[in-house]
file structure_13.cif (mmCIF, C-alpha atoms and all ligand atoms)
data_entry
loop_
_atom_site.label_atom_id
_atom_site.label_comp_id
_atom_site.auth_asym_id
_atom_site.auth_seq_id
_atom_site.Cartn_x
_atom_site.Cartn_y
_atom_site.Cartn_z
CA MET A 1 65.80 -4.23 62.67
CA GLN A 2 63.76 -6.33 60.26
CA LYS A 3 64.61 -5.22 56.72
CA ILE A 4 68.17 -4.15 55.93
CA LEU A 5 69.37 -2.22 52.86
CA VAL A 6 73.11 -2.77 52.26
CA ILE A 7 74.56 -0.09 49.96
CA GLY A 8 77.99 -0.87 48.49
CA ALA A 9 77.24 -4.56 49.03
CA LEU A 10 79.50 -5.87 46.25
CA GLY A 11 82.79 -4.58 47.70
CA GLN A 12 85.40 -6.24 49.91
CA ILE A 13 83.43 -5.98 53.14
CA GLY A 14 79.92 -5.89 51.65
CA SER A 15 80.32 -9.16 49.77
CA GLU A 16 81.00 -11.03 53.03
CA LEU A 17 78.86 -8.96 55.41
CA THR A 18 75.81 -9.38 53.18
CA ALA A 19 76.35 -13.15 53.06
CA ALA A 20 76.54 -13.15 56.88
CA PHE A 21 73.34 -11.05 57.07
CA ASN A 22 71.60 -13.53 54.74
CA ALA A 23 72.57 -16.40 57.02
CA ARG A 24 71.56 -14.58 60.19
CA TYR A 25 68.44 -12.62 59.22
CA GLY A 26 67.20 -14.45 56.09
CA LYS A 27 67.88 -13.34 52.50
CA GLU A 28 64.26 -12.20 52.08
CA ASN A 29 65.09 -9.48 54.65
CA ILE A 30 68.24 -8.19 52.98
CA VAL A 31 68.13 -5.83 49.99
CA VAL A 32 71.43 -5.66 48.14
CA ALA A 33 72.44 -2.38 46.48
CA ASP A 34 75.49 -1.15 44.62
CA ILE A 35 76.36 1.28 41.86
CA HIS A 36 77.42 -1.75 39.80
CA GLU A 37 75.27 -4.69 38.68
CA ASP A 38 75.90 -7.98 40.48
CA THR A 39 77.63 -9.43 37.40
CA ASN A 40 79.48 -12.05 39.48
CA HIS A 41 76.15 -13.32 40.82
CA LEU A 42 77.25 -12.94 44.43
CA PHE A 43 73.66 -12.62 45.61
CA PRO A 44 71.39 -14.30 43.06
CA ASP A 45 68.62 -14.88 45.62
CA ASN A 46 68.46 -11.35 47.09
CA VAL A 47 66.45 -8.43 45.80
CA PHE A 48 69.01 -6.22 44.02
CA GLU A 49 68.77 -2.45 43.54
CA LYS A 50 71.23 -0.56 41.36
CA ILE A 51 71.70 2.58 43.48
CA ASP A 52 74.19 5.41 43.43
CA VAL A 53 74.50 6.48 47.09
CA THR A 54 74.67 10.13 46.00
CA ASP A 55 71.16 9.77 44.50
CA SER A 56 68.84 10.45 47.42
CA SER A 57 65.63 9.71 45.54
CA ALA A 58 66.89 6.27 44.45
CA ILE A 59 67.62 5.39 48.09
CA GLU A 60 64.24 6.76 49.18
CA GLN A 61 62.40 4.70 46.57
CA ALA A 62 64.18 1.56 47.82
CA ILE A 63 63.29 2.41 51.44
CA GLU A 64 59.61 2.80 50.53
CA ARG A 65 59.42 -0.11 48.07
CA HIS A 66 60.98 -2.61 50.48
CA ARG A 67 59.86 -1.12 53.83
CA ILE A 68 63.50 -0.75 54.90
CA ASP A 69 64.14 -0.04 58.60
CA THR A 70 67.96 -0.31 58.69
CA ILE A 71 70.64 0.92 56.28
CA VAL A 72 74.24 -0.25 56.26
CA ASN A 73 76.14 2.07 53.91
CA LEU A 74 79.47 0.64 52.71
CA ALA A 75 79.79 2.73 49.56
CA ALA A 76 83.01 4.75 49.76
CA ILE A 77 86.19 5.78 48.00
CA LEU A 78 89.16 4.50 50.04
CA SER A 79 92.41 6.23 50.96
CA ALA A 80 94.69 5.68 47.95
CA SER A 81 91.91 6.20 45.37
CA GLY A 82 90.74 9.23 47.35
CA GLU A 83 94.15 10.90 47.04
CA LYS A 84 93.91 10.47 43.26
CA ASN A 85 90.38 11.91 43.15
CA PRO A 86 89.62 13.91 46.32
CA ASP A 87 86.44 15.51 44.89
CA LEU A 88 84.96 12.11 44.15
CA ALA A 89 85.93 10.89 47.65
CA TRP A 90 84.17 13.89 49.22
CA ASN A 91 81.07 13.47 47.05
CA ILE A 92 80.54 9.76 47.68
CA ASN A 93 81.78 9.57 51.27
CA ILE A 94 80.05 12.73 52.54
CA ASN A 95 77.06 13.39 50.28
CA GLY A 96 76.25 9.67 50.25
CA LEU A 97 76.44 9.53 54.05
CA LEU A 98 74.28 12.65 54.41
CA ASN A 99 71.64 11.15 52.12
CA VAL A 100 71.52 8.04 54.28
CA ILE A 101 71.32 10.02 57.54
CA ARG A 102 68.66 12.47 56.27
CA LEU A 103 66.51 9.66 54.90
CA GLY A 104 67.05 7.75 58.13
CA VAL A 105 65.65 10.72 60.06
CA LYS A 106 62.78 11.31 57.59
CA HIS A 107 61.67 7.66 57.54
CA ARG A 108 62.38 7.10 61.23
CA LEU A 109 64.67 4.15 60.50
CA ASP A 110 65.64 1.89 63.39
CA ARG A 111 69.33 2.42 62.78
CA VAL A 112 71.94 3.48 60.27
CA MET A 113 75.48 2.10 60.13
CA VAL A 114 78.38 3.69 58.24
CA PRO A 115 81.96 2.50 58.83
CA SER A 116 84.75 4.81 59.82
CA SER A 117 88.46 3.97 59.64
CA ILE A 118 91.85 4.23 61.31
CA ALA A 119 92.35 6.89 58.59
CA VAL A 120 90.73 9.45 60.94
CA PHE A 121 94.05 9.67 62.79
CA GLY A 122 97.01 11.74 61.63
CA PRO A 123 100.34 13.33 62.49
CA GLN A 124 99.07 14.90 65.72
CA SER A 125 97.47 11.68 67.02
CA VAL A 126 99.09 9.31 69.49
CA LEU A 127 100.05 6.48 67.13
CA TYR A 128 100.63 3.61 69.59
CA ASP A 129 97.65 2.21 71.45
CA THR A 130 95.75 5.15 69.94
CA PRO A 131 92.96 6.24 72.28
CA GLN A 132 89.30 6.42 71.32
CA GLU A 133 89.29 10.15 72.01
CA THR A 134 92.30 11.96 70.61
CA VAL A 135 93.31 14.67 68.16
CA LEU A 136 91.98 13.87 64.67
CA THR A 137 94.01 15.66 61.98
CA PRO A 138 94.10 13.25 59.02
CA ASN A 139 96.29 14.08 56.04
CA THR A 140 94.19 12.33 53.38
CA MET A 141 90.85 13.37 51.89
CA TYR A 142 89.57 9.90 52.82
CA GLY A 143 90.53 10.54 56.45
CA VAL A 144 88.89 13.98 56.34
CA THR A 145 85.63 12.41 55.08
CA LYS A 146 85.75 9.78 57.81
CA VAL A 147 86.21 12.41 60.57
CA VAL A 148 83.36 14.48 59.12
CA GLY A 149 81.22 11.34 58.85
CA GLU A 150 81.78 10.53 62.53
CA LEU A 151 80.93 14.11 63.51
CA LEU A 152 77.78 14.17 61.36
CA GLY A 153 76.59 10.87 62.84
CA ASP A 154 77.13 12.22 66.33
CA TYR A 155 75.47 15.56 65.51
CA TYR A 156 72.32 14.00 64.03
CA PHE A 157 72.11 11.48 66.87
CA LYS A 158 72.09 14.33 69.40
CA LYS A 159 69.73 16.57 67.37
CA THR A 160 67.29 14.00 66.00
CA GLY A 161 67.85 10.78 67.93
CA ILE A 162 68.78 8.78 64.82
CA ASP A 163 70.62 5.65 65.90
CA PHE A 164 73.91 6.08 63.99
CA ARG A 165 76.60 3.43 64.51
CA GLY A 166 80.04 2.74 63.13
CA ILE A 167 83.42 1.15 63.69
CA ARG A 168 86.84 2.58 62.87
CA TYR A 169 87.88 -0.51 60.94
CA PRO A 170 91.59 -1.29 60.72
CA GLY A 171 92.91 -2.76 57.43
CA ILE A 172 90.66 -5.69 56.56
CA ILE A 173 92.22 -8.90 55.21
CA SER A 174 90.02 -11.27 53.21
CA ASN A 175 89.96 -13.73 50.32
CA LYS A 176 86.55 -13.43 48.68
CA THR A 177 86.58 -9.97 47.04
CA MET A 178 89.76 -8.01 46.40
CA PRO A 179 90.12 -4.72 48.31
CA GLY A 180 89.46 -1.54 46.39
CA GLY A 181 91.99 1.29 46.46
CA GLY A 182 93.26 1.34 50.05
CA THR A 183 96.65 1.71 51.72
CA THR A 184 96.28 -1.59 53.61
CA ASP A 185 95.60 -3.54 50.36
CA TYR A 186 99.17 -4.86 50.39
CA ALA A 187 98.21 -7.24 53.20
CA VAL A 188 95.84 -9.02 50.78
CA GLU A 189 97.86 -8.73 47.56
CA ILE A 190 100.90 -10.31 49.23
CA PHE A 191 99.09 -13.65 49.62
CA TYR A 192 98.16 -13.87 45.91
CA GLU A 193 101.69 -12.95 44.82
CA ALA A 194 103.24 -15.38 47.32
CA VAL A 195 101.12 -18.23 45.99
CA LYS A 196 101.40 -17.37 42.28
CA ASN A 197 104.92 -15.92 41.94
CA ARG A 198 106.76 -16.59 45.23
CA HIS A 199 107.63 -12.88 45.30
CA TYR A 200 105.96 -9.60 46.29
CA THR A 201 107.07 -6.01 45.77
CA CYS A 202 105.50 -4.01 48.57
CA PHE A 203 104.35 -0.40 48.13
CA LEU A 204 104.88 0.33 51.86
CA SER A 205 108.22 0.18 53.64
CA SER A 206 109.34 -2.88 55.58
CA GLU A 207 108.64 -1.19 58.94
CA SER A 208 105.16 0.32 58.25
CA CYS A 209 103.24 -1.06 61.22
CA LEU A 210 99.42 -0.93 60.94
CA PRO A 211 96.45 -2.42 62.78
CA MET A 212 94.75 -5.18 60.75
CA MET A 213 91.81 -7.52 61.13
CA TYR A 214 90.75 -10.76 59.43
CA MET A 215 87.34 -10.67 57.78
CA PRO A 216 85.61 -13.13 60.16
CA ASP A 217 86.43 -10.78 63.07
CA CYS A 218 85.26 -7.78 61.01
CA ILE A 219 81.90 -9.50 60.41
CA ARG A 220 81.53 -10.46 64.09
CA ALA A 221 82.37 -6.94 65.24
CA THR A 222 79.95 -5.36 62.79
CA ILE A 223 77.04 -7.59 63.74
CA ALA A 224 77.81 -7.20 67.46
CA LEU A 225 77.69 -3.40 67.21
CA LEU A 226 74.63 -3.45 64.96
CA GLU A 227 72.73 -5.59 67.46
CA ALA A 228 74.01 -3.90 70.64
CA ASP A 229 71.59 -2.25 73.06
CA ARG A 230 71.73 1.50 72.28
CA ARG A 231 71.54 2.33 75.99
CA LEU A 232 74.96 0.67 76.49
CA LEU A 233 76.67 2.62 73.70
CA ARG A 234 78.66 5.66 74.80
CA HIS A 235 79.69 6.45 71.21
CA CYS A 236 78.05 6.59 67.79
CA GLY A 237 80.16 6.08 64.68
CA ASN A 238 83.70 6.02 66.00
CA TYR A 239 84.44 2.79 67.89
CA ASN A 240 88.12 1.76 67.77
CA VAL A 241 88.50 -2.01 67.28
CA GLY A 242 91.80 -3.85 67.35
CA ALA A 243 92.80 -7.38 66.44
CA MET A 244 96.45 -7.63 65.30
CA SER A 245 99.26 -5.28 64.24
CA PHE A 246 102.21 -6.08 61.99
CA THR A 247 104.66 -4.67 59.47
CA PRO A 248 105.09 -6.02 55.91
CA GLU A 249 108.35 -7.62 57.08
CA ILE A 250 106.66 -9.45 59.96
CA LEU A 251 103.86 -10.65 57.65
CA ALA A 252 106.38 -11.83 55.04
CA ASN A 253 108.27 -13.82 57.70
CA VAL A 254 105.11 -15.66 58.75
CA ILE A 255 104.28 -16.41 55.09
CA LYS A 256 107.82 -17.80 54.67
CA LYS A 257 107.06 -20.46 57.27
CA TYR A 258 104.62 -21.96 54.74
CA ILE A 259 106.36 -20.91 51.49
CA PRO A 260 110.10 -21.00 52.32
CA ASP A 261 111.24 -19.64 48.92
CA PHE A 262 108.94 -16.58 49.18
CA THR A 263 110.80 -13.27 48.89
CA ILE A 264 109.75 -9.66 49.37
CA ASP A 265 111.26 -6.35 48.31
CA TYR A 266 110.11 -2.77 48.84
CA LYS A 267 109.32 0.06 46.44
CA PRO A 268 107.45 2.50 48.69
CA ASP A 269 105.14 4.96 46.89
CA PHE A 270 102.75 7.70 48.10
CA ARG A 271 100.86 5.14 50.20
CA ARG A 272 103.85 4.87 52.53
CA GLU A 273 103.26 8.51 53.57
CA ILE A 274 99.60 7.71 54.25
CA ALA A 275 100.53 4.70 56.39
CA ARG A 276 103.16 6.70 58.27
CA TYR A 277 100.56 8.74 60.15
CA TRP A 278 98.10 5.94 60.83
CA PRO A 279 98.25 4.15 64.19
CA ALA A 280 100.39 1.08 64.78
CA SER A 281 97.77 -0.16 67.26
CA VAL A 282 94.54 1.12 68.81
CA ASP A 283 93.00 1.15 72.27
CA ASP A 284 89.64 -0.57 71.81
CA SER A 285 88.62 -0.69 75.48
CA ALA A 286 85.39 1.25 74.78
CA ALA A 287 84.24 -1.37 72.23
CA ARG A 288 85.20 -4.14 74.65
CA SER A 289 83.25 -2.69 77.54
CA ASP A 290 80.24 -1.25 75.64
CA TRP A 291 79.42 -4.16 73.32
CA GLY A 292 81.76 -6.98 74.28
CA TRP A 293 84.31 -6.75 71.47
CA GLN A 294 86.91 -9.52 71.60
CA PRO A 295 89.06 -10.47 68.58
CA GLU A 296 89.54 -14.16 67.77
CA TRP A 297 92.00 -14.21 64.86
CA THR A 298 95.74 -13.74 65.44
CA LEU A 299 98.38 -13.13 62.77
CA GLU A 300 99.55 -16.77 62.78
CA ILE A 301 96.14 -18.37 62.29
CA MET A 302 95.03 -15.70 59.81
CA VAL A 303 98.08 -16.38 57.59
CA ALA A 304 97.48 -20.14 57.63
CA ASP A 305 93.82 -19.66 56.71
CA MET A 306 94.51 -17.04 54.01
CA LEU A 307 97.17 -19.19 52.34
CA GLN A 308 94.88 -22.20 52.27
CA ALA A 309 92.03 -20.15 50.75
CA VAL A 310 94.20 -18.35 48.19
CA GLN A 311 95.96 -21.60 47.16
CA LYS A 312 92.52 -23.15 46.54
CA LYS A 313 91.40 -20.12 44.49
CA CYS A 314 94.58 -20.09 42.40
CA ARG A 315 94.53 -23.80 41.53
P1 LIG B 401 85.15 -1.39 48.55
O1 LIG B 401 85.76 -0.33 47.73
O2 LIG B 401 85.69 -2.78 48.44
O3 LIG B 401 83.57 -1.48 48.25
C1 LIG B 401 82.79 -0.34 48.12
C2 LIG B 401 81.57 -0.71 47.31
O4 LIG B 401 80.81 0.48 47.13
C3 LIG B 401 81.89 -1.26 45.91
O5 LIG B 401 81.12 -2.42 45.65
C4 LIG B 401 81.49 -0.13 44.97
O6 LIG B 401 80.98 -0.59 43.71
C5 LIG B 401 80.40 0.55 45.78
N1 LIG B 401 80.22 1.95 45.42
C6 LIG B 401 81.17 2.85 45.08
N2 LIG B 401 80.62 4.02 44.78
C7 LIG B 401 79.29 3.88 44.99
C8 LIG B 401 78.19 4.75 44.86
N3 LIG B 401 78.33 6.01 44.44
N4 LIG B 401 76.96 4.26 45.14
C9 LIG B 401 76.78 2.99 45.53
N5 LIG B 401 77.79 2.11 45.64
C10 LIG B 401 79.04 2.55 45.38
O7 LIG B 401 85.17 -0.89 50.06
P2 LIG B 401 85.20 -1.78 51.38
O8 LIG B 401 86.62 -2.10 51.66
O9 LIG B 401 84.22 -2.88 51.29
O10 LIG B 401 84.78 -0.69 52.47
C11 LIG B 401 83.46 -0.59 52.97
C12 LIG B 401 83.45 0.50 54.02
O11 LIG B 401 84.37 0.14 55.07
C13 LIG B 401 83.90 1.88 53.53
O12 LIG B 401 83.18 2.87 54.23
C14 LIG B 401 85.35 1.94 53.95
O13 LIG B 401 85.78 3.25 54.12
C15 LIG B 401 85.30 1.18 55.26
N6 LIG B 401 86.60 0.63 55.64
C16 LIG B 401 87.15 -0.39 54.94
C17 LIG B 401 88.37 -0.90 55.33
C18 LIG B 401 89.02 -2.04 54.61
O14 LIG B 401 90.17 -2.37 54.92
N7 LIG B 401 88.35 -2.67 53.65
C19 LIG B 401 89.03 -0.35 56.44
C20 LIG B 401 88.47 0.73 57.10
C21 LIG B 401 87.22 1.20 56.70
C1 LIG B 402 92.42 1.98 53.37
O1 LIG B 402 93.58 1.52 53.39
O2 LIG B 402 92.09 3.03 52.82
C2 LIG B 402 91.36 1.23 54.15
C3 LIG B 402 91.23 1.79 55.52
C4 LIG B 402 92.16 1.32 56.57
O3 LIG B 402 90.40 2.60 55.76
N1 LIG B 402 91.69 -0.16 54.14
#

call {"tool": "encode", "arguments": {"input": "structure_13.cif", "output": "structure tokens"}}
result
Amino acid sequence: MQKILVIGALGQIGSELTAAFNARYGKENIVVADIHEDTNHLFPDNVFEKIDVTDSSAIEQAIERHRIDTIVNLAAILSASGEKNPDLAWNININGLLNVIRLGVKHRLDRVMVPSSIAVFGPQSVLYDTPQETVLTPNTMYGVTKVVGELLGDYYFKKTGIDFRGIRYPGIISNKTMPGGGTTDYAVEIFYEAVKNRHYTCFLSSESCLPMMYMPDCIRATIALLEADRRLLRHCGNYNVGAMSFTPEILANVIKKYIPDFTIDYKPDFRREIARYWPASVDDSAARSDWGWQPEWTLEIMVADMLQAVQKKCR
């Protein structure tokens, strides 16, 4: 793993994961790619490639030009946006992933990482302490693409030996780049509204309990899995990872400890139905035993840190 191409690097996770890669592996070894130009100058010192993940030849040219040996593909359409445009979600999430896998096989890349999501679960899954191996019947196109992505990674690993890795991320909470079109986005938006307006209208119901993770844990988990010894991994692209679980009501009550006049009300929309069939918590014992996963951030310390960061940004 010497030269990494990060596709979808300007999004919520990519903007922080790429910065962590720069610090760990050196920015000369990280090629940043996205369908959009880096207009916010997030990575002025990295080589930048404007790449559409559905364009196989553009990815191949980047692999050859920069002697890439690892691809981390973060380009995706998330759950809420995917329900509005399922064809687009299928095209980017599946055809993009297949391009990355096929080129990984062709160019004998060291490894390929594509995230999965808690969205793989559905009405038939056990929704508390959800096991690694369980029934996967998602009821969103996003979830369907994530199940297919896990299966394709597993299939090509067994058939070709390509080292495909991925985590079923829970909802990721962060303060650098806003999330893009997901069901768990409320858990970021709420901080900005609390700081700016002292009020938030939530699109989920007060009792929608979901697994969540603060970005520093997401970065640690991703790097730990990326660097793990393949011989210790019993799975490919479907590791459950847990950190914290809460409802909008619980989150609002912790925020109130810092902003006592903060209020919340609820106007659930279609995203409530998506959240309803996602787990409340996951069993991540495979990640713990295979590659040493251990979360560090709890709800209480995450809220304190988020509020401090968002207050600074909004000044
Ligand atoms: P995001 O929407 O914030 O970022 C995606 C990035 O991909 C954007 O910069 C976008 O410009 C880019 N992109 C979109 N279409 C593209 C295309 N055709 N070609 C190249 N780039 C394209 O998403 P994210 O939250 O950073 O998610 C990254 C990955 O993690 C996705 O696979 C997502 O499913 C997964 N995930 C995220 C979360 C979360 O809470 N953020 C949770 C579970 C899984
Ligand atoms: C979404 O809500 O779509 C994402 C996810 C959990 O995959 N944040």

call {"tool": "closest_residue", "arguments": {"input": "structure_13.cif", "among": "A:Tyr155, A:Phe270, A:Tyr169, A:Trp293", "to": "ligand LIG 401 (chain B)", "atoms": "only C-alpha atoms and all ligand atoms"}}
result
A:Tyr169

call {"tool": "closest_atom_pairs", "arguments": {"input": "structure_13.cif", "of": "range 185-235 of chain A", "to": "range 271-276 of chain A", "cutoff": "7 Å", "atoms": "all atoms listed in the file", "output": "tab-separated table"}}
result
residue	atom	partner	partner_atom	distance
A:Phe203	CA	A:Arg271	CA	6.9
A:Leu204	CA	A:Arg272	CA	4.7
A:Ser205	CA	A:Arg272	CA	6.5
A:Ser208	CA	A:Ala275	CA	6.6

call {"tool": "closest_residue", "arguments": {"input": "structure_13.cif", "among": "A:Phe157, A:Tyr200, A:Phe246, A:Tyr239", "to": "Glu133 in chain A", "atoms": "only C-alpha atoms"}}
result
A:Tyr239

call {"tool": "residues_near_ligand", "arguments": {"input": "structure_13.cif", "ligand": "ligand LIG 401 (chain B)", "cutoff": "6 Å", "atoms": "all atoms listed in the file", "output": "mmCIF file with C-alpha atoms, in the frame of the given file"}}
result
data_model
loop_
_atom_site.group_PDB
_atom_site.id
_atom_site.type_symbol
_atom_site.label_atom_id
_atom_site.label_comp_id
_atom_site.auth_asym_id
_atom_site.auth_seq_id
_atom_site.Cartn_x
_atom_site.Cartn_y
_atom_site.Cartn_z
ATOM 1 C CA ILE A 7 74.560 -0.090 49.960
ATOM 2 C CA GLY A 8 77.990 -0.870 48.490
ATOM 3 C CA ALA A 9 77.240 -4.560 49.030
ATOM 4 C CA LEU A 10 79.500 -5.870 46.250
ATOM 5 C CA GLY A 11 82.790 -4.580 47.700
ATOM 6 C CA GLN A 12 85.400 -6.240 49.910
ATOM 7 C CA ILE A 13 83.430 -5.980 53.140
ATOM 8 C CA GLY A 14 79.920 -5.890 51.650
ATOM 9 C CA ASP A 34 75.490 -1.150 44.620
ATOM 10 C CA ILE A 35 76.360 1.280 41.860
ATOM 11 C CA HIS A 36 77.420 -1.750 39.800
ATOM 12 C CA ILE A 51 71.700 2.580 43.480
ATOM 13 C CA ASP A 52 74.190 5.410 43.430
ATOM 14 C CA VAL A 53 74.500 6.480 47.090
ATOM 15 C CA THR A 54 74.670 10.130 46.000
ATOM 16 C CA LEU A 74 79.470 0.640 52.710
ATOM 17 C CA ALA A 75 79.790 2.730 49.560
ATOM 18 C CA ALA A 76 83.010 4.750 49.760
ATOM 19 C CA LEU A 78 89.160 4.500 50.040
ATOM 20 C CA ILE A 92 80.540 9.760 47.680
ATOM 21 C CA PRO A 115 81.960 2.500 58.830
ATOM 22 C CA SER A 116 84.750 4.810 59.820
ATOM 23 C CA SER A 117 88.460 3.970 59.640
ATOM 24 C CA TYR A 169 87.880 -0.510 60.940
ATOM 25 C CA PRO A 170 91.590 -1.290 60.720
ATOM 26 C CA GLY A 171 92.910 -2.760 57.430
ATOM 27 C CA ILE A 172 90.660 -5.690 56.560
ATOM 28 C CA PRO A 179 90.120 -4.720 48.310
ATOM 29 C CA GLY A 180 89.460 -1.540 46.390
#

call {"tool": "closest_residue", "arguments": {"input": "structure_13.cif", "among": "A:Gly143, A:Gly242, A:Gly149, A:Pro138", "to": "Ser281 in chain A", "atoms": "all atoms listed in the file"}}
result
A:Gly242

call {"tool": "residues_around", "arguments": {"input": "structure_13.cif", "residues": "Met213 in chain A", "least_positions_apart": "2", "cutoff": "10 Å", "atoms": "all atoms listed in the file", "output": "number ranges by chain"}}
result
A: 169-174, 211, 215-218, 241-245, 295-299, 302

call {"tool": "atom_distance", "arguments": {"input": "structure_13.cif", "atom1": "CA of Ile68 in chain A", "atom2": "CA of Trp90 in chain A"}}
result
26.0 Å

call {"tool": "residues_around", "arguments": {"input": "structure_13.cif", "residues": "Leu307 in chain A", "least_positions_apart": "4", "cutoff": "10 Å", "atoms": "only C-alpha atoms", "output": "PyMOL selection string"}}
result
chain A and resi 175+191-192+194-195+255+258-259+302-303+311-313

call {"tool": "atom_distance", "arguments": {"input": "structure_13.cif", "atom1": "atom O2 of ligand LIG 402 (chain B)", "atom2": "CA of Thr183 in chain A"}}
result
4.9 Å

call {"tool": "residues_around", "arguments": {"input": "structure_13.cif", "residues": "Ile101 in chain A", "least_positions_apart": "4", "cutoff": "9 Å", "atoms": "only C-alpha atoms", "output": "list of chain:residue names"}}
result
A:Gly96, A:Leu97, A:Val105, A:Lys106, A:Val112, A:Leu152, A:Gly153, A:Tyr156, A:Ile162, A:Phe164

call {"tool": "residues_around", "arguments": {"input": "structure_13.cif", "residues": "Leu109 in chain A", "least_positions_apart": "2", "cutoff": "12 Å", "atoms": "all atoms listed in the file", "output": "VMD selection string"}}
result
chain A and resid 1 to 5 60 63 to 64 67 to 72 100 to 107 111 to 113 160 to 164

call {"tool": "write_last_selection", "arguments": {"input": "structure_13.cif", "atoms": "C-alpha atoms", "output": "JSON list (two decimals), keeping the file's coordinate frame"}}
result
[["chain", "number", "residue", "atom", "x", "y", "z"],
["A", 1, "MET", "CA", 65.80, -4.23, 62.67],
["A", 2, "GLN", "CA", 63.76, -6.33, 60.26],
["A", 3, "LYS", "CA", 64.61, -5.22, 56.72],
["A", 4, "ILE", "CA", 68.17, -4.15, 55.93],
["A", 5, "LEU", "CA", 69.37, -2.22, 52.86],
["A", 60, "GLU", "CA", 64.24, 6.76, 49.18],
["A", 63, "ILE", "CA", 63.29, 2.41, 51.44],
["A", 64, "GLU", "CA", 59.61, 2.80, 50.53],
["A", 67, "ARG", "CA", 59.86, -1.12, 53.83],
["A", 68, "ILE", "CA", 63.50, -0.75, 54.90],
["A", 69, "ASP", "CA", 64.14, -0.04, 58.60],
["A", 70, "THR", "CA", 67.96, -0.31, 58.69],
["A", 71, "ILE", "CA", 70.64, 0.92, 56.28],
["A", 72, "VAL", "CA", 74.24, -0.25, 56.26],
["A", 100, "VAL", "CA", 71.52, 8.04, 54.28],
["A", 101, "ILE", "CA", 71.32, 10.02, 57.54],
["A", 102, "ARG", "CA", 68.66, 12.47, 56.27],
["A", 103, "LEU", "CA", 66.51, 9.66, 54.90],
["A", 104, "GLY", "CA", 67.05, 7.75, 58.13],
["A", 105, "VAL", "CA", 65.65, 10.72, 60.06],
["A", 106, "LYS", "CA", 62.78, 11.31, 57.59],
["A", 107, "HIS", "CA", 61.67, 7.66, 57.54],
["A", 111, "ARG", "CA", 69.33, 2.42, 62.78],
["A", 112, "VAL", "CA", 71.94, 3.48, 60.27],
["A", 113, "MET", "CA", 75.48, 2.10, 60.13],
["A", 160, "THR", "CA", 67.29, 14.00, 66.00],
["A", 161, "GLY", "CA", 67.85, 10.78, 67.93],
["A", 162, "ILE", "CA", 68.78, 8.78, 64.82],
["A", 163, "ASP", "CA", 70.62, 5.65, 65.90],
["A", 164, "PHE", "CA", 73.91, 6.08, 63.99]]

call {"tool": "closest_residue", "arguments": {"input": "structure_13.cif", "among": "A:Met141, A:Leu127, A:Ile219, A:Ile250", "to": "Ala19 in chain A", "atoms": "all atoms listed in the file"}}
result
A:Ile219

call {"tool": "residues_around", "arguments": {"input": "structure_13.cif", "residues": "Asn85 in chain A", "least_positions_apart": "6", "cutoff": "10 Å", "atoms": "only C-alpha atoms", "output": "JSON, numbers by chain"}}
result
{"A": [77, 79, 141, 142]}
